[in-house]
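Below you'll find the structure, written out as C-alpha cells, and then a few comments.
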Number of protein chains: 2
Amino acid sequence: MDKSSAITIACIQMEPSFGDTAANVEASVRRIGEAADNGARLIVLPELANTGYVFATREEAFALAEAVPDGPSSRRWMEVAAARNLYIVAGITERDGQSLYNSAVVIGPSGHIGTYRKMHLWGQENLFFEPGDRGFPVFATPIGRIGVAICYDGWFPETFRLQALQGADIVCVPTNWVPIPGQAPDREAMANILVMAAAHSNSIFIAAADRVGTERGQPFVGQSLIASYTGWPAAGPASRDREEIIYAEVDLGEARRKRNWNDFNQILRDRRTDVYAEMLGSTVPRGWY
Amino acid sequence: MDKSSAITIACIQMEPSFGDTAANVEASVRRIGEAADNGARLIVLPELANTGYVFATREEAFALAEAVPDGPSSRRWMEVAAARNLYIVAGITERDGQSLYNSAVVIGPSGHIGTYRKMHLWGQENLFFEPGDRGFPVFATPIGRIGVAICYDGWFPETFRLQALQGADIVCVPTNWVPIPGQAPDREAMANILVMAAAHSNSIFIAAADRVGTERGQPFVGQSLIASYTGWPAAGPASRDREEIIYAEVDLGEARRKRNWNDFNQILRDRRTDVYAEMLGSTVPRGWY
C-alpha cells in the first residue's frame, strides 16, 4: 500500500432517539471520539442522524430542522472535527428558509466543506422534504475526492456514476435502509448488493453508515458496509440490530490507480458515451416504463 | 400469477468445444430440445456458443465467423425454434463483410427477430471484433419485450437502464464470465451481484447463460443466473463447473406491474433526468477519471 493516501474510514451504525436532537448529536460525538481513538480520519454517520427519521407531520419536521452549517448540530460536529483532525459526513435534517432538505453535511478539520441534499426522496419523505437541488457534487479534500449519496439515491446507478465521472474516490452514504420485500432473512441486504455493484462497476470506495432499531413502527436493517473499489467488502456488513462501528484501512488512491483492468479495458473510459444519450430519458416515451 | 404472461425461461450452461461449430450447435440443439420438453419457451445460450471464445488470431476468428441470420448456426436455431415454438437468444460469432461482431441472435417461432452486437468489448476481443454499432435495441415479441446484453456489457449499468427505459421486461445475457480478481471462492460471483443489482434497480428480469470449462488456458466461472425483477434469484446460480440447465417460471408482466413500490416511488420514473445530463460523460474532463 502506498501509505501516502492510506486512511482509516469508520462508519458509525447507531440508533438515534426520535426528536432528541441534542442527545443524538452528543451520542454521535462520543462515537466519533471512539472512532478517532481507533485511528479513523473519515467518519460517516447515518441519514438524519441528528433528529431521527419518521416525522409525523410537516410541522414536526420543520420544528426539528436546522440551518446547515450554522445550526447547532453542524457546529458541534465541526468542533469535534477540528479538535480531532477529522473528516465527517453526517446526515442532518436541514432547513433553508421555508424549505426542508434531507441533507448530509461534509465537514473537515477546517470547518464546513459542503452540503449534499438527497436527490431521490423515498416514501413519506416526499411530504416533508424538497428534492435535492444541488445535483451530485464531489468535494475535493486533502484526503481525497468525496461524493455523497443518501439511502434511496443508491438505487440509482446514475448517482454513483455521476460522482465517479467527476473523479470521486469514495462516496459516503448516510442511510436509513428499510426492509425490502422479498429479502431472504439468511442473506445480505439488497442495499449491500447495490453498494457492491456500484463500487465494482465504478472502481470507487463506498462507505455506507446505516441506523438500527425501530422508530414509530418503521424498522431499519443495519448492515453498514464499506466496499472496496473492487466491490468486495473492506469492512462489514455490520449486524442487523446493534449499534457498532466498522473500520477499514484503505488507500483511496487505489480507486483510480487500479482502473486499468487489462491492456484494453478501463471501466469508466469504456463507456459507450456515443449511445448513452437516451439514458437521459428525455427521448423515451414514458409509456414504455 | 396472471397466467396470461407466465412463461418458463431456461438458461443453458454449456461448454462449447473451440472451433467445432457444427458440433457445438448440435449440442445446443439437443439441450434446447430438453429445455422445451421441460416447458421452456424462452431459452438463452452462452456468448459465442457456436464457436467458443478464445481466438488466437484475427484470421482464425474470420474463418469461424458466419453471417447472421443467413449462416448455418442461425438457420439451425431457427429450425428448432419453429419446430418447438420457442424463443432463443444465442451468442454467435458474426461476420458482416469484412467486420466481425460478438453478437447474439434473437429468434422466434417465425424466424429471425433481431441481432444484438456487443457494445463493450473485453480484453483481446478488441483485436478481433468491431464494437457494436446498433446500440441497445429492445425487441417486441408476443411473449414480452426482450433486450440483450453480452458479458462485459453487464458491467455498465447504462446497458440495463437503457433497455429498461425502452420498456424491456427481460434482458437476456449470453455470457462467458471470467474470474474477477479478489473473488472469494466461497461466495457468489461479482457478475451475479451486478445482475441482481441491475434487475432490482430497473425492475426487470435478467437471464444470464454462462459457459463452463477452460479453453486455451482461460477458465470460465459458470454460475448462470435468472434474476427476478425483485433482484433476487428466480433460478440459480448454477454450478461453477458443470453443464446444466436452469429454469424459472415467471410472469414477465410483473416487471412492469410491480414498479410502484409505494404511494410515491416508481424506480424508473424517480430518475432525476433534470440532472443526469452529465452522465453522457461529454461534459466531464477525462482527467477526472
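For the C-alpha cells, the naming scheme is as follows: chains receive sequential letters (A, B, ...) according to their order of presentation, residues are indexed from 1 within each chain, and ligands are indexed from 1 in presentation order.
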Counting only C-alpha atoms, which residues of chain B come no farther than 8 Å from chain A, as a PyMOL selection string? chain B and resi 119-120+122-124+126+135+155-158+161-162+164-167+182-183+190+193-194+196-197+201+230-232+256+262-265+267-273+275-282+284+288-289
Save out the residues we just selected, N, CA and C atoms, as a short mmCIF file (atom, residue, chain, number, x, y, z; two decimals), in the first residue's frame.
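What landed in result_17.cif:
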data_model
loop_
_atom_site.label_atom_id
_atom_site.label_comp_id
_atom_site.auth_asym_id
_atom_site.auth_seq_id
_atom_site.Cartn_x
_atom_site.Cartn_y
_atom_site.Cartn_z
N MET B 119 -21.65 -4.23 -27.18
CA MET B 119 -21.26 -2.82 -27.21
C MET B 119 -19.93 -2.57 -26.51
N HIS B 120 -19.66 -3.36 -25.46
CA HIS B 120 -18.44 -3.14 -24.67
C HIS B 120 -17.57 -4.39 -24.80
N TRP B 122 -14.38 -6.86 -24.34
CA TRP B 122 -13.48 -7.19 -23.24
C TRP B 122 -12.16 -7.73 -23.76
N GLY B 123 -11.06 -7.20 -23.23
CA GLY B 123 -9.73 -7.76 -23.47
C GLY B 123 -9.42 -7.98 -24.94
N GLN B 124 -8.93 -9.16 -25.25
CA GLN B 124 -8.48 -9.49 -26.60
C GLN B 124 -9.58 -9.43 -27.65
N ASN B 126 -11.01 -7.05 -28.41
CA ASN B 126 -10.74 -5.81 -29.12
C ASN B 126 -9.85 -6.02 -30.34
N GLY B 135 -26.43 0.04 -30.98
CA GLY B 135 -27.00 0.50 -29.72
C GLY B 135 -27.58 -0.64 -28.91
N TRP B 155 -21.27 -4.88 -17.02
CA TRP B 155 -20.51 -4.06 -16.06
C TRP B 155 -20.93 -2.60 -16.14
N PHE B 156 -21.77 -2.27 -17.14
CA PHE B 156 -22.18 -0.89 -17.36
C PHE B 156 -23.66 -0.77 -17.03
N PRO B 157 -24.00 -0.13 -15.91
CA PRO B 157 -25.41 -0.01 -15.55
C PRO B 157 -26.23 0.63 -16.65
N GLU B 158 -25.56 1.42 -17.49
CA GLU B 158 -26.24 2.06 -18.62
C GLU B 158 -26.91 1.02 -19.53
N ARG B 161 -30.17 -0.03 -17.92
CA ARG B 161 -31.05 1.14 -17.80
C ARG B 161 -31.63 1.51 -19.14
N LEU B 162 -30.79 1.55 -20.17
CA LEU B 162 -31.27 1.96 -21.49
C LEU B 162 -32.33 0.99 -22.01
N ALA B 164 -34.30 -0.96 -20.00
CA ALA B 164 -35.48 -0.79 -19.16
C ALA B 164 -36.28 0.44 -19.61
N LEU B 165 -35.56 1.51 -19.96
CA LEU B 165 -36.25 2.74 -20.37
C LEU B 165 -36.96 2.58 -21.70
N GLN B 166 -36.55 1.58 -22.46
CA GLN B 166 -37.25 1.26 -23.71
C GLN B 166 -38.32 0.19 -23.47
N GLY B 167 -38.57 -0.11 -22.20
CA GLY B 167 -39.67 -1.00 -21.89
C GLY B 167 -39.34 -2.46 -21.82
N GLY B 182 -9.85 -10.88 -6.75
CA GLY B 182 -10.44 -10.59 -5.46
C GLY B 182 -11.68 -11.40 -5.16
N GLN B 183 -12.13 -12.17 -6.13
CA GLN B 183 -13.31 -13.02 -5.90
C GLN B 183 -13.01 -14.02 -4.79
N MET B 190 -19.02 -11.87 -8.63
CA MET B 190 -19.36 -10.45 -8.77
C MET B 190 -20.34 -10.26 -9.93
N ILE B 193 -23.71 -10.51 -8.67
CA ILE B 193 -24.09 -9.32 -7.89
C ILE B 193 -24.51 -8.19 -8.83
N LEU B 194 -23.76 -8.03 -9.93
CA LEU B 194 -24.13 -7.00 -10.91
C LEU B 194 -25.51 -7.29 -11.51
N MET B 196 -28.01 -9.03 -10.14
CA MET B 196 -29.05 -8.82 -9.14
C MET B 196 -29.32 -7.33 -8.93
N ALA B 197 -28.26 -6.55 -8.86
CA ALA B 197 -28.41 -5.10 -8.66
C ALA B 197 -29.15 -4.47 -9.84
N SER B 201 -32.76 -2.65 -9.51
CA SER B 201 -32.82 -1.20 -9.65
C SER B 201 -33.47 -0.77 -10.97
N THR B 230 -37.37 -8.49 -8.84
CA THR B 230 -37.07 -8.04 -7.47
C THR B 230 -35.57 -7.96 -7.21
N GLY B 231 -34.79 -8.55 -8.08
CA GLY B 231 -33.35 -8.63 -7.89
C GLY B 231 -32.91 -10.00 -7.39
N TRP B 232 -33.81 -10.69 -6.71
CA TRP B 232 -33.43 -11.98 -6.13
C TRP B 232 -33.47 -13.08 -7.17
N ARG B 256 -43.18 -4.88 -15.05
CA ARG B 256 -43.76 -3.55 -15.17
C ARG B 256 -44.88 -3.30 -14.16
N ASN B 262 -44.44 2.17 -3.65
CA ASN B 262 -45.29 2.72 -2.58
C ASN B 262 -46.09 3.87 -3.19
N ASP B 263 -46.72 4.67 -2.37
CA ASP B 263 -47.56 5.75 -2.91
C ASP B 263 -46.76 6.77 -3.71
N PHE B 264 -45.46 6.83 -3.46
CA PHE B 264 -44.66 7.90 -4.05
C PHE B 264 -43.65 7.43 -5.09
N ASN B 265 -43.15 6.20 -4.94
CA ASN B 265 -41.96 5.83 -5.69
C ASN B 265 -42.20 4.80 -6.78
N ILE B 267 -39.44 3.23 -9.55
CA ILE B 267 -37.99 3.29 -9.67
C ILE B 267 -37.52 3.97 -10.97
N LEU B 268 -38.21 3.72 -12.08
CA LEU B 268 -37.74 4.34 -13.33
C LEU B 268 -38.19 5.78 -13.46
N ARG B 269 -39.39 6.08 -12.92
CA ARG B 269 -39.89 7.46 -13.04
C ARG B 269 -39.27 8.39 -12.01
N ASP B 270 -38.65 7.82 -10.98
CA ASP B 270 -38.00 8.64 -9.96
C ASP B 270 -36.63 9.17 -10.39
N ARG B 271 -36.20 8.76 -11.55
CA ARG B 271 -34.89 9.22 -12.03
C ARG B 271 -34.85 10.74 -12.15
N ARG B 272 -33.75 11.33 -11.73
CA ARG B 272 -33.61 12.79 -11.79
C ARG B 272 -33.03 13.19 -13.14
N THR B 273 -33.87 13.02 -14.16
CA THR B 273 -33.38 13.31 -15.52
C THR B 273 -32.96 14.77 -15.66
N VAL B 275 -30.94 16.25 -13.88
CA VAL B 275 -29.51 16.44 -13.59
C VAL B 275 -28.63 15.30 -14.11
N TYR B 276 -29.22 14.37 -14.85
CA TYR B 276 -28.40 13.25 -15.33
C TYR B 276 -27.62 13.57 -16.60
N ALA B 277 -27.75 14.79 -17.09
CA ALA B 277 -27.11 15.12 -18.36
C ALA B 277 -25.63 14.77 -18.35
N GLU B 278 -24.97 15.02 -17.21
CA GLU B 278 -23.53 14.77 -17.14
C GLU B 278 -23.19 13.31 -17.36
N MET B 279 -24.20 12.45 -17.19
CA MET B 279 -23.97 11.02 -17.32
C MET B 279 -23.44 10.66 -18.71
N LEU B 280 -23.72 11.50 -19.66
CA LEU B 280 -23.21 11.26 -21.00
C LEU B 280 -21.69 11.25 -21.01
N GLY B 281 -21.12 11.93 -20.05
CA GLY B 281 -19.66 11.96 -20.00
C GLY B 281 -19.08 13.06 -20.84
N SER B 282 -19.89 13.62 -21.72
CA SER B 282 -19.33 14.57 -22.67
C SER B 282 -18.89 15.86 -21.99
N VAL B 284 -17.62 16.02 -18.91
CA VAL B 284 -16.68 15.77 -17.84
C VAL B 284 -15.26 15.67 -18.39
N TRP B 288 -10.42 13.57 -14.84
CA TRP B 288 -11.02 13.24 -13.54
C TRP B 288 -11.17 11.75 -13.32
N TYR B 289 -11.19 10.98 -14.38
CA TYR B 289 -11.34 9.54 -14.17
C TYR B 289 -10.43 8.73 -15.05
#
Could you go through region 101-229 of chain B and tell me which residues DSSP, when run on the backbone, assigns to strand (DSSP E), listing them as a ChimeraX atom specification? /B:101-108,111-117,138-141,144-148,170-174,205-209,214-215,218-219,225-227
Please write the residues from the selection above to a file, keeping N, CA and C atoms, as a compact mmCIF listing (two decimals), in the first residue's frame.
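Saved file again39.txt follows:
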# COMPACT_ATOMS: atom_id res chain seq x y z
N TYR B 101 -18.39 -9.33 -35.40
CA TYR B 101 -19.06 -8.84 -34.20
C TYR B 101 -19.28 -10.00 -33.24
N ASN B 102 -19.18 -9.69 -31.95
CA ASN B 102 -19.56 -10.62 -30.89
C ASN B 102 -21.05 -10.39 -30.68
N SER B 103 -21.86 -11.24 -31.25
CA SER B 103 -23.29 -10.95 -31.39
C SER B 103 -24.16 -11.95 -30.65
N ALA B 104 -25.42 -11.59 -30.55
CA ALA B 104 -26.45 -12.52 -30.09
C ALA B 104 -27.61 -12.43 -31.06
N VAL B 105 -28.05 -13.58 -31.53
CA VAL B 105 -29.17 -13.62 -32.45
C VAL B 105 -30.44 -13.92 -31.65
N VAL B 106 -31.49 -13.16 -31.93
CA VAL B 106 -32.77 -13.34 -31.25
C VAL B 106 -33.74 -13.96 -32.26
N ILE B 107 -34.24 -15.12 -31.90
CA ILE B 107 -35.02 -15.95 -32.83
C ILE B 107 -36.36 -16.29 -32.20
N GLY B 108 -37.40 -16.30 -33.02
CA GLY B 108 -38.71 -16.74 -32.55
C GLY B 108 -39.25 -17.85 -33.43
N GLY B 111 -39.02 -17.10 -37.03
CA GLY B 111 -37.72 -16.80 -37.64
C GLY B 111 -36.94 -15.73 -36.89
N HIS B 112 -36.08 -15.04 -37.65
CA HIS B 112 -35.16 -14.06 -37.09
C HIS B 112 -35.90 -12.81 -36.61
N ILE B 113 -35.69 -12.46 -35.34
CA ILE B 113 -36.32 -11.26 -34.78
C ILE B 113 -35.35 -10.08 -34.80
N GLY B 114 -34.11 -10.34 -34.48
CA GLY B 114 -33.13 -9.26 -34.47
C GLY B 114 -31.77 -9.77 -34.04
N THR B 115 -30.80 -8.88 -34.12
CA THR B 115 -29.44 -9.23 -33.74
C THR B 115 -28.89 -8.13 -32.84
N TYR B 116 -28.25 -8.51 -31.76
CA TYR B 116 -27.57 -7.56 -30.88
C TYR B 116 -26.06 -7.73 -31.07
N ARG B 117 -25.34 -6.62 -31.14
CA ARG B 117 -23.88 -6.68 -31.26
C ARG B 117 -23.25 -6.08 -30.01
N VAL B 138 -34.38 -3.06 -28.14
CA VAL B 138 -35.31 -3.91 -27.38
C VAL B 138 -36.32 -4.45 -28.39
N PHE B 139 -36.48 -5.76 -28.38
CA PHE B 139 -37.31 -6.42 -29.38
C PHE B 139 -38.68 -6.75 -28.80
N ALA B 140 -39.72 -6.19 -29.43
CA ALA B 140 -41.09 -6.51 -29.01
C ALA B 140 -41.47 -7.87 -29.59
N THR B 141 -41.91 -8.77 -28.73
CA THR B 141 -42.31 -10.11 -29.18
C THR B 141 -43.63 -10.46 -28.51
N GLY B 144 -43.23 -10.84 -24.74
CA GLY B 144 -42.75 -9.71 -23.95
C GLY B 144 -41.66 -8.97 -24.70
N ARG B 145 -41.17 -7.90 -24.08
CA ARG B 145 -40.11 -7.11 -24.72
C ARG B 145 -38.76 -7.63 -24.24
N ILE B 146 -37.92 -8.00 -25.20
CA ILE B 146 -36.65 -8.67 -24.89
C ILE B 146 -35.47 -7.78 -25.25
N GLY B 147 -34.62 -7.50 -24.27
CA GLY B 147 -33.35 -6.84 -24.52
C GLY B 147 -32.22 -7.85 -24.43
N VAL B 148 -31.05 -7.46 -24.88
CA VAL B 148 -29.90 -8.36 -24.87
C VAL B 148 -28.67 -7.61 -24.39
N ILE B 170 -37.39 -8.17 -19.92
CA ILE B 170 -36.28 -9.07 -19.60
C ILE B 170 -35.10 -8.73 -20.47
N VAL B 171 -33.91 -8.80 -19.87
CA VAL B 171 -32.68 -8.71 -20.65
C VAL B 171 -32.01 -10.08 -20.61
N CYS B 172 -31.79 -10.65 -21.78
CA CYS B 172 -31.12 -11.95 -21.87
C CYS B 172 -29.62 -11.71 -22.05
N VAL B 173 -28.83 -12.46 -21.31
CA VAL B 173 -27.39 -12.21 -21.28
C VAL B 173 -26.60 -13.46 -21.63
N PRO B 174 -26.33 -13.68 -22.92
CA PRO B 174 -25.35 -14.70 -23.28
C PRO B 174 -23.98 -14.22 -22.77
N PHE B 205 -36.52 -8.52 -15.37
CA PHE B 205 -35.90 -9.84 -15.28
C PHE B 205 -34.57 -9.82 -16.06
N ILE B 206 -33.62 -10.61 -15.57
CA ILE B 206 -32.36 -10.78 -16.30
C ILE B 206 -32.03 -12.27 -16.31
N ALA B 207 -31.80 -12.82 -17.50
CA ALA B 207 -31.49 -14.25 -17.63
C ALA B 207 -30.11 -14.39 -18.26
N ALA B 208 -29.13 -14.82 -17.45
CA ALA B 208 -27.74 -14.91 -17.89
C ALA B 208 -27.31 -16.37 -18.03
N ALA B 209 -26.92 -16.74 -19.25
CA ALA B 209 -26.44 -18.10 -19.51
C ALA B 209 -24.94 -18.05 -19.73
N THR B 214 -12.45 -24.71 -19.25
CA THR B 214 -11.26 -23.90 -19.52
C THR B 214 -10.89 -24.09 -20.99
N GLU B 215 -10.69 -22.96 -21.67
CA GLU B 215 -10.42 -23.02 -23.12
C GLU B 215 -9.11 -22.29 -23.40
N GLN B 218 -7.93 -20.27 -20.59
CA GLN B 218 -8.86 -19.29 -19.99
C GLN B 218 -10.00 -20.02 -19.28
N PRO B 219 -10.06 -19.91 -17.94
CA PRO B 219 -11.19 -20.53 -17.24
C PRO B 219 -12.44 -19.65 -17.28
N LEU B 225 -27.51 -17.45 -14.05
CA LEU B 225 -28.46 -16.92 -13.07
C LEU B 225 -29.66 -16.32 -13.79
N ILE B 226 -30.85 -16.62 -13.29
CA ILE B 226 -32.05 -15.90 -13.72
C ILE B 226 -32.53 -15.08 -12.53
N ALA B 227 -32.42 -13.75 -12.66
CA ALA B 227 -32.85 -12.86 -11.58
C ALA B 227 -34.27 -12.40 -11.84
Pick out the residues sitting within 9 Å of region 72-80 of chain A, and hand them over as a PyMOL selection string; count only C-alpha atoms, and ignore anything fewer than 4 positions along from it in its own chain. chain A and resi 21-22+25-26+28-29+32-33+50+66-68+84-86+88+90+92+105+107-112
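Residue nearest Ile150 (chain A) within the list A:Arg30, A:Arg95, A:Lys118, A:Arg41: A:Lys118 [criterion: smallest interatomic distance, only C-alpha atoms].
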Can you list, as a VMD selection string, all residues belonging to region 62-259 of chain A that DSSP tags as alpha helix (DSSP H)? chain A and resid 62 to 64 72 to 84 125 to 128 157 to 165 190 to 202 254 to 257
Measuring between only C-alpha atoms, which one of B:Phe62, B:Tyr247, B:Trp177, B:Tyr229 shows the shortest distance to Ile204 (chain B)?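 Smallest distance to Ile204 (chain B) is found for B:Tyr229.
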Selected residue of minimal separation from Phe55 (chain B) among B:Ala23, B:Phe129, B:Tyr87, B:Ala81, counting only C-alpha atoms: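 Nearest candidate to Phe55 (chain B) out of B:Ala23, B:Phe129, B:Tyr87, B:Ala81: B:Phe129.
CA of Gln223 (chain B) sits 19.3 Å away from CA of Ala40 (chain B).
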Could you jot down the CA of Ile246 (chain B) to CA of Asn38 (chain B) separation for me, Å, one decimal place? 10.7 Å
Contact residues around Gly19 (chain A) with only C-alpha atoms at 8 Å, ignoring same-chain residues under 5 positions, as a list in words: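 Everything that qualifies: Thr51, Gly52 and Leu64 of chain A.
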Distance query Ala6 (chain A) at most 12 Å, only C-alpha atoms, self and fewer than 4 positions along chain excluded, as a count of residues only: 17
Env of Phe220 (chain B): 12 Å cut, atoms = only C-alpha atoms, seq-sep filter 5 positions within chain, self excluded. Answer as an NGL selection string. :B and (13-16 or 46-47 or 52-54 or 151 or 175-180 or 189 or 191 or 209-215 or 239-243)
